[in-house]
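Colleague: Structure file model-v5.tsv, TSV, C-alpha atoms (C1' of nucleotides) and all ligand atoms, is pasted below:
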```
chain	number	residue	atom	x	y	z
A	1	MET	CA	0.00	0.00	0.00
A	2	ASP	CA	1.18	3.49	-0.80
A	3	LEU	CA	-1.82	5.79	-0.74
A	4	ASN	CA	-1.83	9.56	-0.81
A	5	ASN	CA	-3.67	11.65	1.74
A	6	GLY	CA	-6.85	11.88	-0.32
A	7	GLU	CA	-7.03	8.13	-0.68
A	8	ILE	CA	-6.37	7.65	3.02
A	9	MET	CA	-9.22	10.03	3.82
A	10	ASP	CA	-11.56	8.20	1.48
A	11	TYR	CA	-10.62	4.94	3.13
A	12	LEU	CA	-11.58	6.38	6.50
A	13	ARG	CA	-14.85	7.79	5.20
A	14	GLU	CA	-15.75	4.40	3.77
A	15	LYS	CA	-15.51	3.12	7.31
A	16	ASP	CA	-17.63	6.00	8.66
A	17	ILE	CA	-14.71	7.72	10.30
A	18	LYS	CA	-14.30	11.43	9.92
A	19	PRO	CA	-10.69	12.03	8.90
A	20	SER	CA	-8.46	14.00	11.23
A	21	SER	CA	-4.76	14.67	11.25
A	22	ILE	CA	-3.97	12.00	13.82
A	23	ARG	CA	-6.29	9.43	12.28
A	24	ILE	CA	-4.65	9.91	8.91
A	25	LYS	CA	-1.17	9.55	10.36
A	26	VAL	CA	-2.10	6.45	12.36
A	27	LEU	CA	-3.76	4.79	9.40
A	28	LYS	CA	-0.79	5.57	7.17
A	29	TYR	CA	1.55	4.19	9.82
A	30	LEU	CA	-0.47	0.99	10.04
A	31	MET	CA	-0.41	0.55	6.29
A	32	ASP	CA	3.30	1.24	5.93
A	33	ASN	CA	4.38	-0.79	8.97
A	34	GLN	CA	2.57	-4.08	8.88
A	35	ILE	CA	4.41	-5.43	11.88
A	36	HIS	CA	1.37	-5.68	14.16
A	37	PRO	CA	2.45	-2.65	16.19
A	38	THR	CA	1.53	-1.86	19.77
A	39	VAL	CA	0.13	1.50	20.82
A	40	ASP	CA	3.60	2.45	21.87
A	41	ASP	CA	5.07	1.48	18.51
A	42	ILE	CA	2.56	3.76	16.81
A	43	TYR	CA	3.19	6.53	19.29
A	44	LYS	CA	6.92	6.41	18.71
A	45	GLY	CA	6.46	5.95	14.98
A	46	ILE	CA	4.47	9.12	14.39
A	47	GLY	CA	5.51	11.11	17.43
A	48	ASP	CA	8.26	12.98	15.57
A	49	ASP	CA	5.69	14.55	13.30
A	50	ILE	CA	3.40	15.76	16.09
A	51	PRO	CA	5.35	17.26	18.99
A	52	THR	CA	2.29	17.52	21.26
A	53	LEU	CA	1.06	14.00	20.53
A	54	SER	CA	-0.55	12.22	23.44
A	55	ARG	CA	-0.65	8.48	23.98
A	56	THR	CA	-4.33	8.83	24.79
A	57	SER	CA	-4.93	9.95	21.22
A	58	ILE	CA	-3.41	6.75	19.93
A	59	TYR	CA	-5.63	4.74	22.25
A	60	ASN	CA	-8.66	6.73	21.11
A	61	THR	CA	-7.74	6.19	17.51
A	62	VAL	CA	-7.07	2.47	17.59
A	63	ASN	CA	-10.24	1.90	19.59
A	64	LEU	CA	-12.24	3.84	17.04
A	65	PHE	CA	-10.51	1.94	14.25
A	66	LYS	CA	-11.35	-1.32	15.93
A	67	GLN	CA	-15.00	-0.44	16.40
A	68	ASN	CA	-15.32	0.50	12.75
A	69	GLY	CA	-13.45	-2.46	11.37
A	70	VAL	CA	-10.32	-0.66	10.22
A	71	VAL	CA	-8.08	-2.81	12.40
A	72	VAL	CA	-8.35	-5.96	14.38
A	73	GLU	CA	-6.84	-6.21	17.83
A	74	ILE	CA	-4.56	-9.14	18.34
A	75	ASN	CA	-3.50	-10.61	21.60
A	76	LEU	CA	-0.47	-12.85	21.73
A	77	GLY	CA	-0.28	-13.29	25.49
A	78	GLU	CA	1.96	-10.29	25.86
A	79	LYS	CA	0.96	-7.46	28.12
A	80	GLU	CA	0.39	-5.05	25.24
A	81	SER	CA	-2.27	-5.45	22.57
A	82	ARG	CA	-1.28	-5.28	18.93
A	83	TYR	CA	-3.18	-3.92	15.96
A	84	ASP	CA	-3.46	-5.40	12.50
A	85	ILE	CA	-4.58	-3.45	9.46
A	86	ASN	CA	-5.23	-6.77	7.76
A	87	THR	CA	-8.72	-7.63	8.98
A	88	LYS	CA	-9.16	-10.75	6.87
A	89	PRO	CA	-8.97	-13.99	8.88
A	90	HIS	CA	-5.42	-15.30	9.12
A	91	GLY	CA	-3.10	-16.80	11.69
A	92	HIS	CA	-0.15	-15.32	13.53
A	93	PHE	CA	3.18	-16.85	14.36
A	94	LYS	CA	5.28	-15.21	17.04
A	95	CYS	CA	8.97	-16.01	17.19
A	96	GLU	CA	9.97	-16.48	20.81
A	97	LYS	CA	13.57	-15.54	20.02
A	98	CYS	CA	13.42	-12.34	17.93
A	99	GLY	CA	9.84	-11.36	18.71
A	100	ASN	CA	8.83	-10.94	15.08
A	101	ILE	CA	5.26	-11.75	14.17
A	102	TYR	CA	4.45	-13.50	10.92
A	103	ASP	CA	1.15	-13.95	9.13
A	104	PHE	CA	0.12	-17.28	7.79
A	105	PRO	CA	-3.02	-18.51	6.03
A	106	LEU	CA	-5.44	-20.46	8.19
A	107	PRO	CA	-5.00	-24.20	7.80
A	108	GLU	CA	-7.70	-25.32	5.39
A	109	ASN	CA	-8.56	-28.31	7.56
A	110	LEU	CA	-9.26	-26.04	10.53
A	111	ASN	CA	-12.59	-26.68	12.14
A	112	LYS	CA	-14.75	-23.66	11.26
A	113	LYS	CA	-17.94	-25.12	12.72
A	114	LEU	CA	-18.85	-26.32	16.18
A	115	SER	CA	-22.27	-27.91	16.33
A	116	ASN	CA	-24.84	-25.59	17.93
A	117	PHE	CA	-22.27	-22.86	18.53
A	118	THR	CA	-22.23	-19.60	16.59
A	119	ILE	CA	-18.66	-18.63	15.81
A	120	ASN	CA	-18.22	-14.90	15.32
A	121	ARG	CA	-14.45	-14.76	15.19
A	122	MET	CA	-11.39	-16.87	15.79
A	123	SER	CA	-7.85	-16.20	16.90
A	124	ILE	CA	-5.15	-18.62	15.78
A	125	ASN	CA	-1.69	-18.08	17.21
A	126	TYR	CA	1.44	-20.19	16.97
A	127	TYR	CA	4.64	-19.72	18.94
A	128	GLY	CA	8.14	-20.98	18.25
A	129	LEU	CA	11.21	-20.15	16.18
A	130	CYS	CA	11.18	-18.32	12.87
A	131	PRO	CA	13.38	-19.60	10.02
A	132	ASP	CA	16.17	-17.08	10.71
A	133	CYS	CA	16.36	-17.76	14.44
A	134	ARG	CA	16.08	-21.48	13.89
A	135	LYS	CA	19.04	-21.41	11.53
A	136	GLU	CA	21.06	-19.26	13.94
A	137	SER	CA	20.68	-21.80	16.73
A	138	GLU	CA	21.49	-24.66	14.30
B	1	MET	CA	-10.91	-36.31	38.80
B	2	ASP	CA	-11.43	-36.94	42.47
B	3	LEU	CA	-8.06	-37.58	44.05
B	4	ASN	CA	-7.23	-37.74	47.73
B	5	ASN	CA	-4.48	-35.70	49.30
B	6	GLY	CA	-1.85	-38.39	48.86
B	7	GLU	CA	-2.58	-38.69	45.17
B	8	ILE	CA	-2.52	-34.91	44.76
B	9	MET	CA	0.89	-34.79	46.45
B	10	ASP	CA	2.21	-37.54	44.20
B	11	TYR	CA	0.94	-35.65	41.17
B	12	LEU	CA	2.89	-32.58	42.29
B	13	ARG	CA	6.05	-34.60	42.99
B	14	GLU	CA	5.85	-36.10	39.52
B	15	LYS	CA	6.09	-32.54	38.24
B	16	ASP	CA	9.04	-31.75	40.55
B	17	ILE	CA	6.99	-29.57	42.84
B	18	LYS	CA	7.34	-29.95	46.56
B	19	PRO	CA	3.81	-30.19	47.96
B	20	SER	CA	2.61	-27.50	50.32
B	21	SER	CA	-0.76	-26.71	51.78
B	22	ILE	CA	-1.55	-23.97	49.30
B	23	ARG	CA	-0.23	-25.88	46.30
B	24	ILE	CA	-2.41	-28.84	47.21
B	25	LYS	CA	-5.50	-26.67	47.59
B	26	VAL	CA	-4.88	-24.84	44.32
B	27	LEU	CA	-4.30	-28.06	42.41
B	28	LYS	CA	-7.40	-29.60	43.87
B	29	TYR	CA	-9.38	-26.50	42.99
B	30	LEU	CA	-8.12	-26.63	39.42
B	31	MET	CA	-9.07	-30.28	39.10
B	32	ASP	CA	-12.52	-29.86	40.60
B	33	ASN	CA	-13.36	-26.62	38.78
B	34	GLN	CA	-12.38	-27.01	35.18
B	35	ILE	CA	-13.79	-23.66	34.19
B	36	HIS	CA	-10.46	-22.06	33.22
B	37	PRO	CA	-10.39	-19.93	36.36
B	38	THR	CA	-8.59	-16.64	36.83
B	39	VAL	CA	-6.28	-15.99	39.77
B	40	ASP	CA	-9.16	-14.24	41.43
B	41	ASP	CA	-11.48	-17.19	40.90
B	42	ILE	CA	-8.96	-19.43	42.61
B	43	TYR	CA	-8.41	-16.95	45.39
B	44	LYS	CA	-12.11	-16.71	46.11
B	45	GLY	CA	-12.56	-20.44	45.66
B	46	ILE	CA	-10.11	-21.52	48.31
B	47	GLY	CA	-10.00	-18.37	50.43
B	48	ASP	CA	-12.60	-19.63	52.88
B	49	ASP	CA	-10.30	-22.46	53.89
B	50	ILE	CA	-7.27	-20.25	54.52
B	51	PRO	CA	-8.15	-17.02	56.33
B	52	THR	CA	-4.69	-15.50	55.86
B	53	LEU	CA	-4.45	-16.39	52.19
B	54	SER	CA	-2.69	-13.83	50.04
B	55	ARG	CA	-3.30	-13.23	46.35
B	56	THR	CA	0.44	-13.25	45.85
B	57	SER	CA	0.48	-16.88	46.91
B	58	ILE	CA	-1.94	-17.74	44.13
B	59	TYR	CA	0.23	-15.90	41.64
B	60	ASN	CA	3.31	-17.69	42.95
B	61	THR	CA	1.56	-21.01	42.70
B	62	VAL	CA	0.10	-20.69	39.22
B	63	ASN	CA	3.43	-19.38	37.91
B	64	LEU	CA	5.21	-22.36	39.43
B	65	PHE	CA	2.57	-24.69	38.03
B	66	LYS	CA	2.98	-23.13	34.63
B	67	GLN	CA	6.76	-23.48	34.67
B	68	ASN	CA	6.50	-27.13	35.62
B	69	GLY	CA	3.77	-28.01	33.17
B	70	VAL	CA	0.95	-28.53	35.65
B	71	VAL	CA	-1.20	-25.88	34.01
B	72	VAL	CA	-1.20	-23.91	30.82
B	73	GLU	CA	-1.96	-20.23	30.82
B	74	ILE	CA	-4.67	-19.18	28.43
B	75	ASN	CA	-5.29	-15.74	27.16
B	76	LEU	CA	-8.63	-14.91	25.62
B	77	GLY	CA	-8.12	-11.20	25.14
B	78	GLU	CA	-9.53	-10.43	28.55
B	79	LYS	CA	-7.45	-8.50	31.01
B	80	GLU	CA	-7.00	-11.47	33.34
B	81	SER	CA	-5.13	-14.64	32.44
B	82	ARG	CA	-6.82	-17.99	32.91
B	83	TYR	CA	-5.36	-21.32	33.89
B	84	ASP	CA	-6.14	-24.73	32.50
B	85	ILE	CA	-5.29	-27.98	34.22
B	86	ASN	CA	-5.76	-29.72	30.88
B	87	THR	CA	-2.36	-29.26	29.25
B	88	LYS	CA	-3.08	-31.36	26.19
B	89	PRO	CA	-3.56	-29.30	23.02
B	90	HIS	CA	-7.16	-28.29	22.52
B	91	GLY	CA	-9.16	-25.26	21.47
B	92	HIS	CA	-11.25	-22.83	23.50
B	93	PHE	CA	-14.56	-21.27	22.71
B	94	LYS	CA	-15.62	-18.23	24.70
B	95	CYS	CA	-19.28	-17.26	24.70
B	96	GLU	CA	-19.54	-13.50	24.36
B	97	LYS	CA	-22.93	-13.51	26.05
B	98	CYS	CA	-22.56	-15.62	29.18
B	99	GLY	CA	-18.77	-15.67	29.37
B	100	ASN	CA	-18.51	-19.45	29.67
B	101	ILE	CA	-15.47	-21.09	28.15
B	102	TYR	CA	-15.80	-24.41	26.35
B	103	ASP	CA	-13.12	-26.86	25.26
B	104	PHE	CA	-13.16	-28.37	21.84
B	105	PRO	CA	-10.85	-30.91	20.21
B	106	LEU	CA	-8.47	-29.77	17.51
B	107	PRO	CA	-8.91	-31.67	14.27
B	108	GLU	CA	-6.24	-34.34	14.50
B	109	ASN	CA	-5.19	-33.70	10.94
B	110	LEU	CA	-4.67	-30.00	11.73
B	111	ASN	CA	-1.78	-28.51	9.85
B	112	LYS	CA	0.91	-28.39	12.49
B	113	LYS	CA	3.71	-27.39	10.17
B	114	LEU	CA	4.79	-24.11	8.67
B	115	SER	CA	7.73	-24.62	6.37
B	116	ASN	CA	11.02	-23.64	8.03
B	117	PHE	CA	9.30	-22.56	11.23
B	118	THR	CA	9.56	-24.51	14.47
B	119	ILE	CA	6.20	-24.53	16.23
B	120	ASN	CA	6.46	-24.98	19.96
B	121	ARG	CA	2.90	-24.30	20.93
B	122	MET	CA	-0.35	-23.05	19.53
B	123	SER	CA	-3.35	-21.22	20.87
B	124	ILE	CA	-6.69	-21.67	19.13
B	125	ASN	CA	-9.55	-19.54	20.38
B	126	TYR	CA	-13.04	-19.03	19.02
B	127	TYR	CA	-15.56	-16.41	20.10
B	128	GLY	CA	-19.30	-16.31	19.64
B	129	LEU	CA	-22.51	-17.68	21.16
B	130	CYS	CA	-22.80	-20.93	23.03
B	131	PRO	CA	-25.80	-23.21	22.33
B	132	ASP	CA	-27.76	-21.99	25.37
B	133	CYS	CA	-27.27	-18.29	24.65
B	134	ARG	CA	-27.93	-18.80	20.97
B	135	LYS	CA	-31.25	-20.49	21.74
B	136	GLU	CA	-32.19	-17.71	24.19
B	137	SER	CA	-31.77	-15.03	21.55
B	138	GLU	CA	-33.79	-17.17	19.08
C	1	DA	C1'	15.49	-27.43	70.89
C	2	DA	C1'	18.22	-24.86	67.68
C	3	DT	C1'	19.05	-23.83	63.11
C	4	DA	C1'	18.46	-23.64	58.22
C	5	DA	C1'	15.54	-23.69	54.25
C	6	DA	C1'	11.36	-22.97	52.10
C	7	DA	C1'	6.75	-21.14	51.81
C	8	DT	C1'	3.61	-17.50	52.65
C	9	DT	C1'	2.26	-12.90	53.45
C	10	DG	C1'	1.72	-7.80	52.92
C	11	DT	C1'	2.87	-3.82	50.83
C	12	DA	C1'	4.73	-1.16	47.33
C	13	DA	C1'	5.97	-0.72	42.59
C	14	DC	C1'	5.01	-1.32	37.79
C	15	DT	C1'	2.44	-0.85	33.58
C	16	DA	C1'	-1.22	-0.97	30.07
C	17	DT	C1'	-5.40	1.03	29.58
C	18	DT	C1'	-9.36	3.99	30.54
C	19	DA	C1'	-11.97	8.09	32.49
C	20	DC	C1'	-12.61	12.58	32.20
C	21	DA	C1'	-12.24	17.42	32.16
C	22	DA	C1'	-9.57	21.17	30.01
C	23	DA	C1'	-7.63	22.96	25.93
C	24	DT	C1'	-7.23	23.13	21.12
C	25	DT	C1'	-8.73	22.61	16.52
C	26	DT	C1'	-12.19	22.36	12.99
C	27	DG	C1'	-16.53	23.40	10.88
C	28	DT	C1'	-20.62	26.44	10.28
C	29	DA	C1'	-23.60	30.38	10.31
C	30	DT	C1'	-23.80	35.07	10.47
D	1	DA	C1'	-13.62	37.77	9.01
D	2	DT	C1'	-16.09	36.80	13.51
D	3	DA	C1'	-18.63	34.27	16.66
D	4	DC	C1'	-20.28	30.12	18.00
D	5	DA	C1'	-20.81	25.11	18.20
D	6	DA	C1'	-19.00	20.59	17.61
D	7	DA	C1'	-15.42	17.51	17.41
D	8	DT	C1'	-10.74	16.35	18.36
D	9	DT	C1'	-6.71	16.23	21.12
D	10	DT	C1'	-4.30	16.60	25.33
D	11	DG	C1'	-2.85	15.88	30.19
D	12	DT	C1'	-3.58	14.01	34.39
D	13	DA	C1'	-5.59	10.95	37.45
D	14	DA	C1'	-7.76	6.56	38.26
D	15	DT	C1'	-8.05	1.54	37.55
D	16	DA	C1'	-6.54	-3.10	37.66
D	17	DG	C1'	-3.65	-7.18	36.89
D	18	DT	C1'	0.74	-8.62	37.97
D	19	DT	C1'	5.38	-8.64	39.95
D	20	DA	C1'	9.22	-7.33	43.32
D	21	DC	C1'	10.74	-7.89	47.54
D	22	DA	C1'	11.45	-7.84	52.37
D	23	DA	C1'	9.30	-9.58	56.59
D	24	DT	C1'	7.01	-13.30	58.75
D	25	DT	C1'	5.58	-17.88	59.34
D	26	DT	C1'	5.93	-22.70	58.49
D	27	DT	C1'	8.49	-26.86	57.57
D	28	DA	C1'	12.53	-29.69	57.51
D	29	DT	C1'	17.17	-30.99	59.39
D	30	DT	C1'	20.69	-31.44	62.77
E	1	MN	MN	-1.61	-10.20	10.72
E	2	MN	MN	-9.35	-26.01	28.29
E	3	ZN	ZN	12.97	-15.11	15.08
E	4	ZN	ZN	-23.34	-18.46	26.52
```
For this file, write the structure as structure tokens.
Ligand SMILES: [Mn+2]
Ligand SMILES: [Mn+2]
Ligand SMILES: [Zn+2]
Ligand SMILES: [Zn+2]
Modeller:
Amino acid sequence: MDLNNGEIMDYLREKDIKPSSIRIKVLKYLMDNQIHPTVDDIYKGIGDDIPTLSRTSIYNTVNLFKQNGVVVEINLGEKESRYDINTKPHGHFKCEKCGNIYDFPLPENLNKKLSNFTINRMSINYYGLCPDCRKESE
Amino acid sequence: MDLNNGEIMDYLREKDIKPSSIRIKVLKYLMDNQIHPTVDDIYKGIGDDIPTLSRTSIYNTVNLFKQNGVVVEINLGEKESRYDINTKPHGHFKCEKCGNIYDFPLPENLNKKLSNFTINRMSINYYGLCPDCRKESE
DNA sequence: AATAAAATTGTAACTATTACAAATTTGTAT
DNA sequence: ATACAAATTTGTAATAGTTACAATTTTATT
């Protein structure tokens, strides 16, 4: 993704969010840094641009984004939540060595039905060693 | 499960944990109440027996249990962690209406490989409506 | 019984997140 | 442009789960 400001604003409007300077910067950050950032990552990432930026504004923004389906919150058992601009269902792999988080497609033989239950959403997380870290430790 | 004290103590020793009065009570609670309790649930559950019980002791105990493979910590995106005496891989369904948490078996042919990644553990969580709550809301 | 080791307690610290009111910015009508 | 209203942003305080750690109590060993 490499959208200009007008396109970013349209994207927000599509999701019923009135564009604002912080919302545009946060959305752009999320699109350009698809690393499943924490609130603090976002704060540090766009803080240089906005000297008076408050962490609360990032919280407000990601919560609004979540409510309106712009991001999905992901929880990997860390203390901080992470936010994913990719809202389509997919799995996450967290490397326990380097901390990187990788996307992977949901296994096609995954059980997507449980009799008499209504499944609204699922969260599929794996933990282990990524290829680089695995190689490093032979 | 309905083990007597001696059996509970043996179970702990098998996991290299020296039995103690609190550890025995917590383990028994976890076996008798397989509801994926929080620290607070455990504290309230066994607090009547031990008037001087401290929450810190529950934290100490569940952390020790986790380290030694007696329980597995589960994280359902709530603020509190939950603890599961069933350490075999299985999925969790959380009802968003009543809050109950249900176990479900993972498909045994579930894709447990990602090429070049080493998977140490996985966490599979579904969210939605349980049969009772689904029926209630027609 | 004396001593050492381990378990338990109580309090304070830490930290992610939210609540909320004040301040600032943006939009609108005159 | 000015005045006013609405929305956004900020700053600080409150909340809550968890951990750090020293003091106390319990358990084991000599
Ligand atoms: Mn992702
Ligand atoms: Mn379970
Ligand atoms: Zn890695
Ligand atoms: Zn239910």
Colleague: Determine, counting only C-alpha atoms (C1' of nucleotides), every residue of protein, DNA or RNA that lies within 8 Å of (6.4, -9.1, 56.2) in the file coordinates, then give the result as a ChimeraX atom specification.
Modeller: /C:9-10 /D:22-24
Colleague: Produce a file of the selected residues containing C-alpha atoms (C1' of nucleotides), as a CSV table (one decimal), in the coordinates of the input.
Modeller:
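So part.csv came out as:
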```csv
chain,number,residue,atom,x,y,z
C,9,DT,C1',2.3,-12.9,53.4
C,10,DG,C1',1.7,-7.8,52.9
D,22,DA,C1',11.4,-7.8,52.4
D,23,DA,C1',9.3,-9.6,56.6
D,24,DT,C1',7.0,-13.3,58.8
```
Colleague: Using all atoms listed in the file, I'd like every residue of chain B that has an atom within 12 Å of chain D; please write them out as a list of chain:residue names.
Modeller: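 Going by the stated atoms only, the list reads B:Lys18, B:Pro19, B:Ser20, B:Ser21, B:Ile22, B:Thr38, B:Val39, B:Asp40, B:Thr52, B:Arg55, B:Thr56, B:Ser57, B:Ile58, B:Tyr59, B:Asn60, B:Asn63, B:Glu78, B:Lys79, B:Glu80, B:Ser81, B:Arg82.
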Colleague: Please write the residues from the selection above to a file, keeping C-alpha atoms, as a CSV table (one decimal), in the coordinates of the input.
Modeller:
```csv
chain,number,residue,atom,x,y,z
B,18,LYS,CA,7.3,-30.0,46.6
B,19,PRO,CA,3.8,-30.2,48.0
B,20,SER,CA,2.6,-27.5,50.3
B,21,SER,CA,-0.8,-26.7,51.8
B,22,ILE,CA,-1.6,-24.0,49.3
B,38,THR,CA,-8.6,-16.6,36.8
B,39,VAL,CA,-6.3,-16.0,39.8
B,40,ASP,CA,-9.2,-14.2,41.4
B,52,THR,CA,-4.7,-15.5,55.9
B,55,ARG,CA,-3.3,-13.2,46.4
B,56,THR,CA,0.4,-13.2,45.8
B,57,SER,CA,0.5,-16.9,46.9
B,58,ILE,CA,-1.9,-17.7,44.1
B,59,TYR,CA,0.2,-15.9,41.6
B,60,ASN,CA,3.3,-17.7,43.0
B,63,ASN,CA,3.4,-19.4,37.9
B,78,GLU,CA,-9.5,-10.4,28.6
B,79,LYS,CA,-7.4,-8.5,31.0
B,80,GLU,CA,-7.0,-11.5,33.3
B,81,SER,CA,-5.1,-14.6,32.4
B,82,ARG,CA,-6.8,-18.0,32.9
```
Colleague: Distance table requested - chain C against chain B, cut-off 12 Å, only C-alpha atoms (C1' of nucleotides): one row per qualifying residue with the closest atom pair and its distance in Å to one decimal, ordered by chain and rising residue number, as a Markdown table.
Modeller:
```
| residue | atom | partner | partner_atom | distance |
| --- | --- | --- | --- | --- |
| C:DA6 | C1' | B:Lys18 | CA | 9.8 |
| C:DA7 | C1' | B:Ser20 | CA | 7.7 |
| C:DT8 | C1' | B:Ser57 | CA | 6.6 |
| C:DT9 | C1' | B:Ser54 | CA | 6.1 |
| C:DG10 | C1' | B:Ser54 | CA | 8.0 |
| C:DT11 | C1' | B:Thr56 | CA | 10.9 |
| C:DA16 | C1' | B:Lys79 | CA | 9.8 |
| C:DT17 | C1' | B:Lys79 | CA | 9.9 |
```
Colleague: Figure out the distance between CA of Tyr126 (chain A) and CA of Tyr29 (chain B), please, to one decimal in Å.
Modeller: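 These two atoms are separated by 28.9 Å.
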Colleague: Just how far from CA of Gln67 (chain B) is atom MN of ligand MN 1 (chain E), in Å to one decimal?
Modeller: 28.6 Å
Colleague: Show which residues sit within 12 Å of region 102-111 of chain B, as a JSON list (two decimals) with C-alpha atoms, keeping the file's coordinate frame. Count all atoms listed in the file, and ignore same-chain residues fewer than 2 positions away.
Modeller:
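Written output follows (selection_5.json):
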```
[["chain", "number", "residue", "atom", "x", "y", "z"],
["A", 91, "GLY", "CA", -3.10, -16.80, 11.69],
["A", 104, "PHE", "CA", 0.12, -17.28, 7.79],
["A", 105, "PRO", "CA", -3.02, -18.51, 6.03],
["A", 106, "LEU", "CA", -5.44, -20.46, 8.19],
["A", 107, "PRO", "CA", -5.00, -24.20, 7.80],
["A", 108, "GLU", "CA", -7.70, -25.32, 5.39],
["A", 109, "ASN", "CA", -8.56, -28.31, 7.56],
["A", 110, "LEU", "CA", -9.26, -26.04, 10.53],
["A", 111, "ASN", "CA", -12.59, -26.68, 12.14],
["A", 112, "LYS", "CA", -14.75, -23.66, 11.26],
["A", 113, "LYS", "CA", -17.94, -25.12, 12.72],
["A", 114, "LEU", "CA", -18.85, -26.32, 16.18],
["A", 115, "SER", "CA", -22.27, -27.91, 16.33],
["A", 117, "PHE", "CA", -22.27, -22.86, 18.53],
["A", 124, "ILE", "CA", -5.15, -18.62, 15.78],
["A", 126, "TYR", "CA", 1.44, -20.19, 16.97],
["B", 34, "GLN", "CA", -12.38, -27.01, 35.18],
["B", 35, "ILE", "CA", -13.79, -23.66, 34.19],
["B", 36, "HIS", "CA", -10.46, -22.06, 33.22],
["B", 74, "ILE", "CA", -4.67, -19.18, 28.43],
["B", 76, "LEU", "CA", -8.63, -14.91, 25.62],
["B", 84, "ASP", "CA", -6.14, -24.73, 32.50],
["B", 85, "ILE", "CA", -5.29, -27.98, 34.22],
["B", 86, "ASN", "CA", -5.76, -29.72, 30.88],
["B", 87, "THR", "CA", -2.36, -29.26, 29.25],
["B", 88, "LYS", "CA", -3.08, -31.36, 26.19],
["B", 89, "PRO", "CA", -3.56, -29.30, 23.02],
["B", 90, "HIS", "CA", -7.16, -28.29, 22.52],
["B", 91, "GLY", "CA", -9.16, -25.26, 21.47],
["B", 92, "HIS", "CA", -11.25, -22.83, 23.50],
["B", 93, "PHE", "CA", -14.56, -21.27, 22.71],
["B", 94, "LYS", "CA", -15.62, -18.23, 24.70],
["B", 95, "CYS", "CA", -19.28, -17.26, 24.70],
["B", 96, "GLU", "CA", -19.54, -13.50, 24.36],
["B", 98, "CYS", "CA", -22.56, -15.62, 29.18],
["B", 99, "GLY", "CA", -18.77, -15.67, 29.37],
["B", 100, "ASN", "CA", -18.51, -19.45, 29.67],
["B", 113, "LYS", "CA", 3.71, -27.39, 10.17],
["B", 114, "LEU", "CA", 4.79, -24.11, 8.67],
["B", 115, "SER", "CA", 7.73, -24.62, 6.37],
["B", 119, "ILE", "CA", 6.20, -24.53, 16.23],
["B", 122, "MET", "CA", -0.35, -23.05, 19.53],
["B", 123, "SER", "CA", -3.35, -21.22, 20.87],
["B", 124, "ILE", "CA", -6.69, -21.67, 19.13],
["B", 125, "ASN", "CA", -9.55, -19.54, 20.38],
["B", 126, "TYR", "CA", -13.04, -19.03, 19.02],
["B", 127, "TYR", "CA", -15.56, -16.41, 20.10],
["B", 128, "GLY", "CA", -19.30, -16.31, 19.64],
["B", 129, "LEU", "CA", -22.51, -17.68, 21.16],
["B", 130, "CYS", "CA", -22.80, -20.93, 23.03],
["B", 131, "PRO", "CA", -25.80, -23.21, 22.33]]
```
Colleague: Return the Cα root-mean-square deviation, in Å, for chain B superposed on chain A by least squares with the Cα atoms paired in order.
Modeller: 0.6 Å
Colleague: If I take CA of Asp16 (chain A) and C1' of DT30 (chain C), how far is one from the other in Å, to one decimal?
Modeller: 29.8 Å
Colleague: Can you tell me, as JSON, the centre and edge lengths (Å, one decimal) of the axis-aligned box enclosing all of region 11-30 of chain D's listed atoms after padding each side by 5 Å?
Modeller:
```
{"center_x": 6.3, "center_y": -7.8, "center_z": 46.5, "size_x": 38.7, "size_y": 57.3, "size_z": 42.6}
```
Colleague: Could you check the closest approach to chain A for each of B:Leu30, B:Cys133, B:Met1, B:Ile8 and tell me which residue wins, using only C-alpha atoms?
Modeller: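 Looking at the shortest contact to chain A, the residue is B:Cys133.
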